[in-house]
Structures are given as structure tokens and as C-alpha cells.
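Undergrad: So that we are looking at the same thing, I have put the structure below in C-alpha cells.
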Amino acid sequence: MSDRSEVERKVLSPVDFIQLQQYMDYCSLKVKDVLREFDTDGSLARHRHKECIDEEGFRLFLKTYLEVEDFPADLCQRLFQSFQNSELNGDEKAREVFLKDVSCYFSLLEDGQPRDKLEFAFKLYDRDGNGLLDSSEVDRIIAQMMHAADYLGWDVTELRPVLRDMMTAIDADSNGTVTLQEWVEGGMNNVPLLVLLGLKVSAHTHKHTHKCPLLVGKYVAEAKRAEVNRAKCPNPHQGVPFLRVFVKGLTRPAAPVLSGGLRRPYPVSQTQRSQSGP
């Protein structure tokens, strides 16, 4: 029972990720530059002990890197606890974390690609470490995404079944578990998933994230219409194709500009282009 509570305590939530990303969006420093302060001649050197840093040093690192005086103490504590490693023991484990872990984590958030971040998130939610997300782990992800959506101010009234279908779509072979490959391939262009997991998307897709609540609502309406046919032809994946359509729509390139400054809502086919003239 105590082992389970230890795992619970160390797992960061999507809201934690979102809050951290919001701070990072406004910082001008690079993590590698701030970490140099832990070198022998740096201002934080006294908080480093061989390959580890203490909790006060971690707090000062966040304060310096994020350029804030009032970083939430509870979030700082959860971040520090998430870095605590089983290789450390006794009092040492309670007071220190490996500097290399802190460096890798914040460098990933700062410059990592969506694929790298999805792999990182997969390892966080694969709580038994068997390389698969089972139904209980998927349920936890959905609950965490619901919490994140509420934090972001989305209308979550009918969001849970939408997220359920989203996770169903990621399980490509429909065997009830999600592999790392399915998770990465299903999540790469899935902007709502990236947003609700608190993972920062690329500069191109990030500007589309404000559309997520609107498109999720559109999916809910479509899913309701699809329910009429479910009794006649039960299909657990019904509604998922539409989900893929609107998720793909979030990552479309900018539509061409037409005369008068108007934009065509979607790219047209070659046939449509020839019919509409130059």
C-alpha cells in the first residue's frame, strides 16, 4: 500500500505540466545556461553534492530559470519529488535529486519534439512498467485530461465520452491495450491530446489550440447523431473517423489567400481548382 502511495505522489498531472509550460513560455533563459550555476564557480555550487542537488538548490534553479519570485511551493515540491531516484537511499534520497535528471527533463520540455514528449508521458502513465497502457491506466489518463480541460476553462459536460473515443482510436489493433508505438503514432497529430496532456506542441500547431474546445463540441454533436445507428449496427469505433477528421483539421497548413483577402476554408482538390479557374 505504501509503495502505491509513493508512486501516486511522484506522478505529475497534466495540470502540473500545463502550469510549468505556462511559466516556461515567458522565460528568456536556456536551461543549460542556468544549470552551469551548479558548477564549481557558479552561484548555486554550494547546493550541489557530487552528481546531486538538494531541494533548496532545485527551488533556486526554478526561480532563476523561470525568472519568478513566487513559483508555487506545492508544484515545486511535486516536481522535486518526481525526480527522487531509487538509486539514492535513506536521508540522501529525501534531500537530493540527480542533476542529470533535472537537466534532461527541462531540456526535453524546452526543445523536445512531440514524439519525445509523448514517449516521456507514456512512461509516466505506464505505472507497472510493462510497456503497455491497460484499461486502468487509460482510465487514469482520461481522468487527468478531464481535470486539465477543466483547468483550461473548457466545457467538460460531455467531454469524457469524446476522450474515451479518442483513446479507443489510438488502440489501433483494438486489443484493449495501447503500445508505445500506438501511443506515439496516434498522438503525433492529435492536438487535443497534446494540449490536455500538458505537452507543448510545435510553433505551427500551438496557434490552433484555441480551436480545441470548439472542435471537441462539434465532435460531441456528431457522436450524438451517430448514436441513432448504433442500435442497428453496434460498432465500438463509430464516431472515431470524424474524430480523426477534426484532429487532422487542427494541423492543416494555412489555407491559400483568395482575392479580397479572404481565405478558402480548406485546401481544394486539383479537380476543384481546375473548375474554379486560376
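Letters for chains follow the order of the C-alpha cells (A, B, ...), residue numbers begin at 1 for each chain, and ligand numbers begin at 1 in the order shown.
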Skipping near chain neighbours, those fewer than 2 positions away, what residues fall within 12 Å of Glu51 (chain A) using only C-alpha atoms, listed as a PDB file with N, CA, C and O atoms, in the first residue's frame?

TA:
```pdb
ATOM      1  N   PHE A  38      25.473  25.515 -11.188  1.00  0.00           N
ATOM      2  CA  PHE A  38      25.806  24.466 -10.223  1.00  0.00           C
ATOM      3  C   PHE A  38      27.259  24.016 -10.355  1.00  0.00           C
ATOM      4  O   PHE A  38      27.716  23.162  -9.590  1.00  0.00           O
ATOM      5  N   ASP A  39      27.994  24.555 -11.335  1.00  0.00           N
ATOM      6  CA  ASP A  39      29.412  24.244 -11.472  1.00  0.00           C
ATOM      7  C   ASP A  39      30.181  24.835 -10.295  1.00  0.00           C
ATOM      8  O   ASP A  39      29.657  25.669  -9.538  1.00  0.00           O
ATOM      9  N   ALA A  45      26.616  26.542  -6.609  1.00  0.00           N
ATOM     10  CA  ALA A  45      27.551  25.429  -6.402  1.00  0.00           C
ATOM     11  C   ALA A  45      27.404  24.791  -5.027  1.00  0.00           C
ATOM     12  O   ALA A  45      27.564  23.577  -4.866  1.00  0.00           O
ATOM     13  N   HIS A  47      24.902  24.092  -3.431  1.00  0.00           N
ATOM     14  CA  HIS A  47      23.744  23.184  -3.345  1.00  0.00           C
ATOM     15  C   HIS A  47      23.975  21.887  -4.115  1.00  0.00           C
ATOM     16  O   HIS A  47      23.082  21.038  -4.181  1.00  0.00           O
ATOM     17  N   ARG A  48      25.168  21.747  -4.695  1.00  0.00           N
ATOM     18  CA  ARG A  48      25.486  20.529  -5.448  1.00  0.00           C
ATOM     19  C   ARG A  48      26.418  19.649  -4.616  1.00  0.00           C
ATOM     20  O   ARG A  48      27.393  20.119  -4.039  1.00  0.00           O
ATOM     21  N   HIS A  49      26.087  18.353  -4.596  1.00  0.00           N
ATOM     22  CA  HIS A  49      26.910  17.386  -3.879  1.00  0.00           C
ATOM     23  C   HIS A  49      27.191  16.236  -4.837  1.00  0.00           C
ATOM     24  O   HIS A  49      26.326  15.393  -5.074  1.00  0.00           O
ATOM     25  N   ILE A  53      21.765  17.529  -6.497  1.00  0.00           N
ATOM     26  CA  ILE A  53      21.487  18.852  -5.931  1.00  0.00           C
ATOM     27  C   ILE A  53      20.425  18.692  -4.850  1.00  0.00           C
ATOM     28  O   ILE A  53      19.607  17.770  -4.901  1.00  0.00           O
ATOM     29  N   ASP A  54      20.451  19.588  -3.873  1.00  0.00           N
ATOM     30  CA  ASP A  54      19.481  19.492  -2.786  1.00  0.00           C
ATOM     31  C   ASP A  54      18.187  20.233  -3.141  1.00  0.00           C
ATOM     32  O   ASP A  54      18.093  20.880  -4.189  1.00  0.00           O
ATOM     33  N   GLU A  87      17.999   5.007  -6.680  1.00  0.00           N
ATOM     34  CA  GLU A  87      19.436   4.780  -6.509  1.00  0.00           C
ATOM     35  C   GLU A  87      19.964   5.497  -5.272  1.00  0.00           C
ATOM     36  O   GLU A  87      21.004   5.147  -4.730  1.00  0.00           O
ATOM     37  N   LEU A  88      19.243   6.567  -4.860  1.00  0.00           N
ATOM     38  CA  LEU A  88      19.603   7.250  -3.623  1.00  0.00           C
ATOM     39  C   LEU A  88      18.877   6.566  -2.477  1.00  0.00           C
ATOM     40  O   LEU A  88      17.773   6.048  -2.645  1.00  0.00           O
ATOM     41  N   GLU A  96      17.930  15.010  -1.883  1.00  0.00           N
ATOM     42  CA  GLU A  96      18.618  15.313  -3.127  1.00  0.00           C
ATOM     43  C   GLU A  96      18.023  14.589  -4.333  1.00  0.00           C
ATOM     44  O   GLU A  96      17.334  13.581  -4.191  1.00  0.00           O
ATOM     45  N   VAL A  97      18.309  15.146  -5.520  1.00  0.00           N
ATOM     46  CA  VAL A  97      17.940  14.524  -6.793  1.00  0.00           C
ATOM     47  C   VAL A  97      19.134  14.636  -7.735  1.00  0.00           C
ATOM     48  O   VAL A  97      20.017  15.487  -7.551  1.00  0.00           O
ATOM     49  N   PHE A  98      19.175  13.773  -8.744  1.00  0.00           N
ATOM     50  CA  PHE A  98      20.275  13.798  -9.699  1.00  0.00           C
ATOM     51  C   PHE A  98      20.146  15.017 -10.617  1.00  0.00           C
ATOM     52  O   PHE A  98      19.087  15.265 -11.196  1.00  0.00           O
ATOM     53  N   LEU A  99      21.245  15.742 -10.770  1.00  0.00           N
ATOM     54  CA  LEU A  99      21.256  16.918 -11.633  1.00  0.00           C
ATOM     55  C   LEU A  99      20.996  16.536 -13.087  1.00  0.00           C
ATOM     56  O   LEU A  99      20.322  17.262 -13.817  1.00  0.00           O
ATOM     57  N   LYS A 100      21.500  15.385 -13.522  1.00  0.00           N
ATOM     58  CA  LYS A 100      21.321  14.966 -14.916  1.00  0.00           C
ATOM     59  C   LYS A 100      19.841  14.738 -15.235  1.00  0.00           C
ATOM     60  O   LYS A 100      19.392  15.002 -16.363  1.00  0.00           O
ATOM     61  N   ASP A 101      19.064  14.250 -14.239  1.00  0.00           N
ATOM     62  CA  ASP A 101      17.631  14.037 -14.457  1.00  0.00           C
ATOM     63  C   ASP A 101      16.911  15.367 -14.652  1.00  0.00           C
ATOM     64  O   ASP A 101      16.042  15.497 -15.518  1.00  0.00           O
ATOM     65  N   VAL A 102      17.280  16.351 -13.834  1.00  0.00           N
ATOM     66  CA  VAL A 102      16.687  17.682 -13.952  1.00  0.00           C
ATOM     67  C   VAL A 102      17.044  18.289 -15.311  1.00  0.00           C
ATOM     68  O   VAL A 102      16.197  18.855 -16.005  1.00  0.00           O
ATOM     69  N   SER A 103      18.293  18.140 -15.713  1.00  0.00           N
ATOM     70  CA  SER A 103      18.754  18.675 -16.991  1.00  0.00           C
ATOM     71  C   SER A 103      18.008  18.059 -18.160  1.00  0.00           C
ATOM     72  O   SER A 103      17.517  18.766 -19.045  1.00  0.00           O
TER      73      SER A 103
END
```

Undergrad: At a cut-off of 12 Å, using only C-alpha atoms, what residues contact Phe122 (chain A)? Leave out same-chain residues fewer than 3 positions from it and give the result as an NGL selection string.

TA: :A and (11 or 115-119 or 125-134 or 137-138 or 141 or 178-184 or 187 or 197 or 199)

Undergrad: Fewer than 3 positions away in the same chain doesn't count, so skip those; otherwise give me all residues within 10 Å of Gly198 (chain A), counting only C-alpha atoms, as a JSON list (two decimals) with all heavy atoms, in the first residue's frame.

TA:
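Dumped everything to part-v8.json:
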```
[["chain", "number", "residue", "atom", "x", "y", "z"],
["A", 13, "SER", "N", 0.72, 15.49, -12.82],
["A", 13, "SER", "CA", -0.53, 15.53, -13.58],
["A", 13, "SER", "C", -0.38, 16.44, -14.79],
["A", 13, "SER", "O", 0.53, 17.27, -14.85],
["A", 13, "SER", "CB", -1.66, 16.04, -12.69],
["A", 13, "SER", "OG", -1.50, 17.44, -12.48],
["A", 14, "PRO", "N", -1.29, 16.30, -15.80],
["A", 14, "PRO", "CA", -1.26, 17.24, -16.92],
["A", 14, "PRO", "C", -1.37, 18.70, -16.49],
["A", 14, "PRO", "O", -0.79, 19.57, -17.13],
["A", 14, "PRO", "CB", -2.48, 16.81, -17.75],
["A", 14, "PRO", "CG", -2.62, 15.35, -17.47],
["A", 14, "PRO", "CD", -2.25, 15.22, -16.01],
["A", 15, "VAL", "N", -2.13, 18.96, -15.42],
["A", 15, "VAL", "CA", -2.24, 20.34, -14.95],
["A", 15, "VAL", "C", -0.88, 20.85, -14.48],
["A", 15, "VAL", "O", -0.52, 22.01, -14.73],
["A", 15, "VAL", "CB", -3.28, 20.46, -13.81],
["A", 15, "VAL", "CG1", -3.23, 21.84, -13.17],
["A", 15, "VAL", "CG2", -4.69, 20.19, -14.35],
["A", 16, "ASP", "N", -0.09, 19.97, -13.85],
["A", 16, "ASP", "CA", 1.26, 20.35, -13.46],
["A", 16, "ASP", "C", 2.08, 20.72, -14.70],
["A", 16, "ASP", "O", 2.80, 21.72, -14.71],
["A", 16, "ASP", "CB", 1.96, 19.22, -12.71],
["A", 16, "ASP", "CG", 1.35, 18.96, -11.34],
["A", 16, "ASP", "OD1", 0.82, 19.91, -10.74],
["A", 16, "ASP", "OD2", 1.41, 17.81, -10.87],
["A", 17, "PHE", "N", 1.98, 19.89, -15.74],
["A", 17, "PHE", "CA", 2.70, 20.17, -16.98],
["A", 17, "PHE", "C", 2.24, 21.49, -17.59],
["A", 17, "PHE", "O", 3.06, 22.29, -18.06],
["A", 17, "PHE", "CB", 2.47, 19.04, -18.00],
["A", 17, "PHE", "CG", 3.25, 17.79, -17.71],
["A", 17, "PHE", "CD1", 2.59, 16.61, -17.46],
["A", 17, "PHE", "CD2", 4.63, 17.80, -17.69],
["A", 17, "PHE", "CE1", 3.29, 15.45, -17.19],
["A", 17, "PHE", "CE2", 5.35, 16.64, -17.42],
["A", 17, "PHE", "CZ", 4.68, 15.46, -17.17],
["A", 18, "ILE", "N", 0.93, 21.70, -17.62],
["A", 18, "ILE", "CA", 0.39, 22.93, -18.21],
["A", 18, "ILE", "C", 0.89, 24.16, -17.46],
["A", 18, "ILE", "O", 1.33, 25.15, -18.06],
["A", 18, "ILE", "CB", -1.15, 22.89, -18.23],
["A", 18, "ILE", "CG1", -1.64, 21.83, -19.22],
["A", 18, "ILE", "CG2", -1.73, 24.27, -18.62],
["A", 18, "ILE", "CD1", -3.13, 21.55, -19.13],
["A", 19, "GLN", "N", 0.84, 24.10, -16.13],
["A", 19, "GLN", "CA", 1.31, 25.22, -15.34],
["A", 19, "GLN", "C", 2.79, 25.49, -15.60],
["A", 19, "GLN", "O", 3.21, 26.64, -15.76],
["A", 19, "GLN", "CB", 1.09, 24.94, -13.85],
["A", 19, "GLN", "CG", -0.37, 25.02, -13.41],
["A", 19, "GLN", "CD", -0.52, 24.75, -11.93],
["A", 19, "GLN", "OE1", -0.04, 23.74, -11.40],
["A", 19, "GLN", "NE2", -1.18, 25.64, -11.23],
["A", 20, "LEU", "N", 3.58, 24.43, -15.65],
["A", 20, "LEU", "CA", 5.01, 24.59, -15.89],
["A", 20, "LEU", "C", 5.28, 25.19, -17.26],
["A", 20, "LEU", "O", 6.12, 26.07, -17.43],
["A", 20, "LEU", "CB", 5.70, 23.23, -15.74],
["A", 20, "LEU", "CG", 7.23, 23.25, -15.79],
["A", 20, "LEU", "CD1", 7.80, 24.17, -14.72],
["A", 20, "LEU", "CD2", 7.77, 21.83, -15.63],
["A", 21, "GLN", "N", 4.53, 24.71, -18.28],
["A", 21, "GLN", "CA", 4.71, 25.24, -19.63],
["A", 21, "GLN", "C", 4.32, 26.71, -19.68],
["A", 21, "GLN", "O", 4.94, 27.49, -20.41],
["A", 21, "GLN", "CB", 3.86, 24.44, -20.63],
["A", 21, "GLN", "CG", 4.36, 23.04, -20.90],
["A", 21, "GLN", "CD", 5.62, 23.03, -21.77],
["A", 21, "GLN", "OE1", 6.10, 24.07, -22.20],
["A", 21, "GLN", "NE2", 6.15, 21.86, -22.04],
["A", 22, "GLN", "N", 3.31, 27.09, -18.94],
["A", 22, "GLN", "CA", 2.90, 28.49, -18.94],
["A", 22, "GLN", "C", 4.01, 29.38, -18.37],
["A", 22, "GLN", "O", 4.22, 30.49, -18.86],
["A", 22, "GLN", "CB", 1.61, 28.66, -18.13],
["A", 22, "GLN", "CG", 0.38, 28.10, -18.84],
["A", 22, "GLN", "CD", -0.86, 28.09, -17.97],
["A", 22, "GLN", "OE1", -0.77, 28.10, -16.73],
["A", 22, "GLN", "NE2", -2.02, 28.07, -18.59],
["A", 117, "LYS", "N", 8.21, 13.87, -26.27],
["A", 117, "LYS", "CA", 7.38, 14.18, -25.12],
["A", 117, "LYS", "C", 6.29, 13.12, -24.92],
["A", 117, "LYS", "O", 5.93, 12.78, -23.79],
["A", 117, "LYS", "CB", 6.76, 15.57, -25.28],
["A", 117, "LYS", "CG", 7.83, 16.66, -25.27],
["A", 117, "LYS", "CD", 7.22, 18.05, -25.47],
["A", 117, "LYS", "CE", 8.31, 19.11, -25.47],
["A", 117, "LYS", "NZ", 7.78, 20.46, -25.62],
["A", 121, "ALA", "N", 5.68, 10.91, -21.64],
["A", 121, "ALA", "CA", 4.37, 10.79, -20.99],
["A", 121, "ALA", "C", 3.94, 9.34, -20.87],
["A", 121, "ALA", "O", 3.34, 8.93, -19.87],
["A", 121, "ALA", "CB", 3.33, 11.59, -21.77],
["A", 145, "MET", "N", -6.99, 14.10, -18.13],
["A", 145, "MET", "CA", -7.30, 15.03, -19.21],
["A", 145, "MET", "C", -8.57, 15.82, -18.91],
["A", 145, "MET", "O", -8.68, 16.99, -19.26],
["A", 145, "MET", "CB", -7.42, 14.29, -20.55],
["A", 145, "MET", "CG", -6.08, 13.80, -21.10],
["A", 145, "MET", "SD", -6.13, 13.32, -22.85],
["A", 145, "MET", "CE", -7.16, 11.85, -22.76],
["A", 148, "ALA", "N", -7.49, 18.51, -16.65],
["A", 148, "ALA", "CA", -6.75, 19.52, -17.41],
["A", 148, "ALA", "C", -7.70, 20.40, -18.21],
["A", 148, "ALA", "O", -7.53, 21.63, -18.29],
["A", 148, "ALA", "CB", -5.75, 18.86, -18.34],
["A", 149, "ALA", "N", -8.72, 19.80, -18.83],
["A", 149, "ALA", "CA", -9.69, 20.57, -19.61],
["A", 149, "ALA", "C", -10.45, 21.55, -18.72],
["A", 149, "ALA", "O", -10.70, 22.69, -19.10],
["A", 149, "ALA", "CB", -10.68, 19.62, -20.31],
["A", 192, "PRO", "N", -5.67, 17.99, -29.55],
["A", 192, "PRO", "CA", -6.37, 17.96, -28.26],
["A", 192, "PRO", "C", -5.67, 17.08, -27.23],
["A", 192, "PRO", "O", -5.58, 17.43, -26.05],
["A", 192, "PRO", "CB", -7.76, 17.40, -28.62],
["A", 192, "PRO", "CG", -7.95, 17.80, -30.04],
["A", 192, "PRO", "CD", -6.59, 17.65, -30.67],
["A", 193, "LEU", "N", -5.16, 15.92, -27.68],
["A", 193, "LEU", "CA", -4.45, 15.03, -26.76],
["A", 193, "LEU", "C", -3.20, 15.71, -26.22],
["A", 193, "LEU", "O", -2.93, 15.69, -25.02],
["A", 193, "LEU", "CB", -4.07, 13.74, -27.48],
["A", 193, "LEU", "CG", -3.30, 12.71, -26.64],
["A", 193, "LEU", "CD1", -4.21, 12.10, -25.59],
["A", 193, "LEU", "CD2", -2.70, 11.63, -27.52],
["A", 194, "LEU", "N", -2.41, 16.33, -27.12],
["A", 194, "LEU", "CA", -1.18, 17.00, -26.69],
["A", 194, "LEU", "C", -1.49, 18.14, -25.71],
["A", 194, "LEU", "O", -0.78, 18.32, -24.72],
["A", 194, "LEU", "CB", -0.44, 17.55, -27.91],
["A", 194, "LEU", "CG", 0.16, 16.50, -28.85],
["A", 194, "LEU", "CD1", 0.69, 17.17, -30.12],
["A", 194, "LEU", "CD2", 1.26, 15.71, -28.17],
["A", 195, "VAL", "N", -2.55, 18.88, -26.00],
["A", 195, "VAL", "CA", -2.90, 20.00, -25.12],
["A", 195, "VAL", "C", -3.35, 19.50, -23.75],
["A", 195, "VAL", "O", -2.92, 20.01, -22.72],
["A", 195, "VAL", "CB", -4.02, 20.86, -25.77],
["A", 195, "VAL", "CG1", -4.54, 21.90, -24.78],
["A", 195, "VAL", "CG2", -3.49, 21.55, -27.02],
["A", 201, "VAL", "N", 3.15, 21.84, -27.99],
["A", 201, "VAL", "CA", 3.24, 21.43, -29.37],
["A", 201, "VAL", "C", 4.10, 22.41, -30.13],
["A", 201, "VAL", "O", 4.54, 23.42, -29.60],
["A", 201, "VAL", "CB", 1.83, 21.34, -30.02],
["A", 201, "VAL", "CG1", 1.06, 20.22, -29.39],
["A", 201, "VAL", "CG2", 1.07, 22.65, -29.88]]
```

Undergrad: Fewer than 6 positions away in the same chain doesn't count, so skip those; otherwise give me all residues within 10 Å of Leu44 (chain A), counting only C-alpha atoms, as a VMD selection string.

TA: chain A and resid 34 to 38 53 56 to 58 60 to 61

Undergrad: Kindly save the residues from that selection, with N, CA and C atoms included, as an mmCIF file, in the first residue's frame.

TA:
```
data_model
loop_
_atom_site.group_PDB
_atom_site.id
_atom_site.type_symbol
_atom_site.label_atom_id
_atom_site.label_comp_id
_atom_site.auth_asym_id
_atom_site.auth_seq_id
_atom_site.Cartn_x
_atom_site.Cartn_y
_atom_site.Cartn_z
ATOM 1 N N VAL A 34 21.445 28.040 -17.098
ATOM 2 C CA VAL A 34 21.144 28.133 -15.660
ATOM 3 C C VAL A 34 21.815 26.990 -14.897
ATOM 4 N N LEU A 35 21.850 25.797 -15.500
ATOM 5 C CA LEU A 35 22.449 24.657 -14.817
ATOM 6 C C LEU A 35 23.953 24.827 -14.612
ATOM 7 N N ARG A 36 24.569 25.703 -15.408
ATOM 8 C CA ARG A 36 26.002 25.969 -15.216
ATOM 9 C C ARG A 36 26.274 26.629 -13.860
ATOM 10 N N GLU A 37 25.223 27.207 -13.270
ATOM 11 C CA GLU A 37 25.391 27.838 -11.964
ATOM 12 C C GLU A 37 25.685 26.812 -10.870
ATOM 13 N N PHE A 38 25.473 25.515 -11.188
ATOM 14 C CA PHE A 38 25.806 24.466 -10.223
ATOM 15 C C PHE A 38 27.259 24.016 -10.355
ATOM 16 N N ILE A 53 21.765 17.529 -6.497
ATOM 17 C CA ILE A 53 21.487 18.852 -5.931
ATOM 18 C C ILE A 53 20.425 18.692 -4.850
ATOM 19 N N GLU A 56 16.734 22.851 -1.805
ATOM 20 C CA GLU A 56 16.847 24.304 -1.873
ATOM 21 C C GLU A 56 17.503 24.732 -3.189
ATOM 22 N N GLY A 57 18.489 23.967 -3.636
ATOM 23 C CA GLY A 57 19.117 24.262 -4.918
ATOM 24 C C GLY A 57 18.139 24.098 -6.073
ATOM 25 N N PHE A 58 17.280 23.094 -5.981
ATOM 26 C CA PHE A 58 16.263 22.888 -7.013
ATOM 27 C C PHE A 58 15.288 24.056 -7.041
ATOM 28 N N LEU A 60 15.874 27.131 -6.091
ATOM 29 C CA LEU A 60 16.570 28.302 -6.631
ATOM 30 C C LEU A 60 16.784 28.176 -8.136
ATOM 31 N N PHE A 61 16.981 26.931 -8.604
ATOM 32 C CA PHE A 61 17.085 26.701 -10.044
ATOM 33 C C PHE A 61 15.798 27.125 -10.749
#
```

Undergrad: Interatomic distance between CA of Thr177 (chain A) and CA of Ser135 (chain A)?

TA: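 Computed distance, CA of Thr177 (chain A) to CA of Ser135 (chain A), equals 6.6 Å.
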
Undergrad: From the options A:Leu12, A:Ala73, A:Val156, A:Leu29, which residue's atoms come nearest to Glu55 (chain A), counting only C-alpha atoms?

TA: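 Between A:Leu12, A:Ala73, A:Val156, A:Leu29, the residue approaching Glu55 (chain A) most closely is A:Ala73.
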
Undergrad: So what do you get for CA of Tyr23 (chain A) versus CA of Phe71 (chain A), distance-wise?

TA: 8.8 Å

Undergrad: Report the distance between CA of Val31 (chain A) and CA of Glu110 (chain A) in Å, rounded to one decimal place.

TA: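 Rounded to one decimal, the two atoms are 7.8 Å apart.
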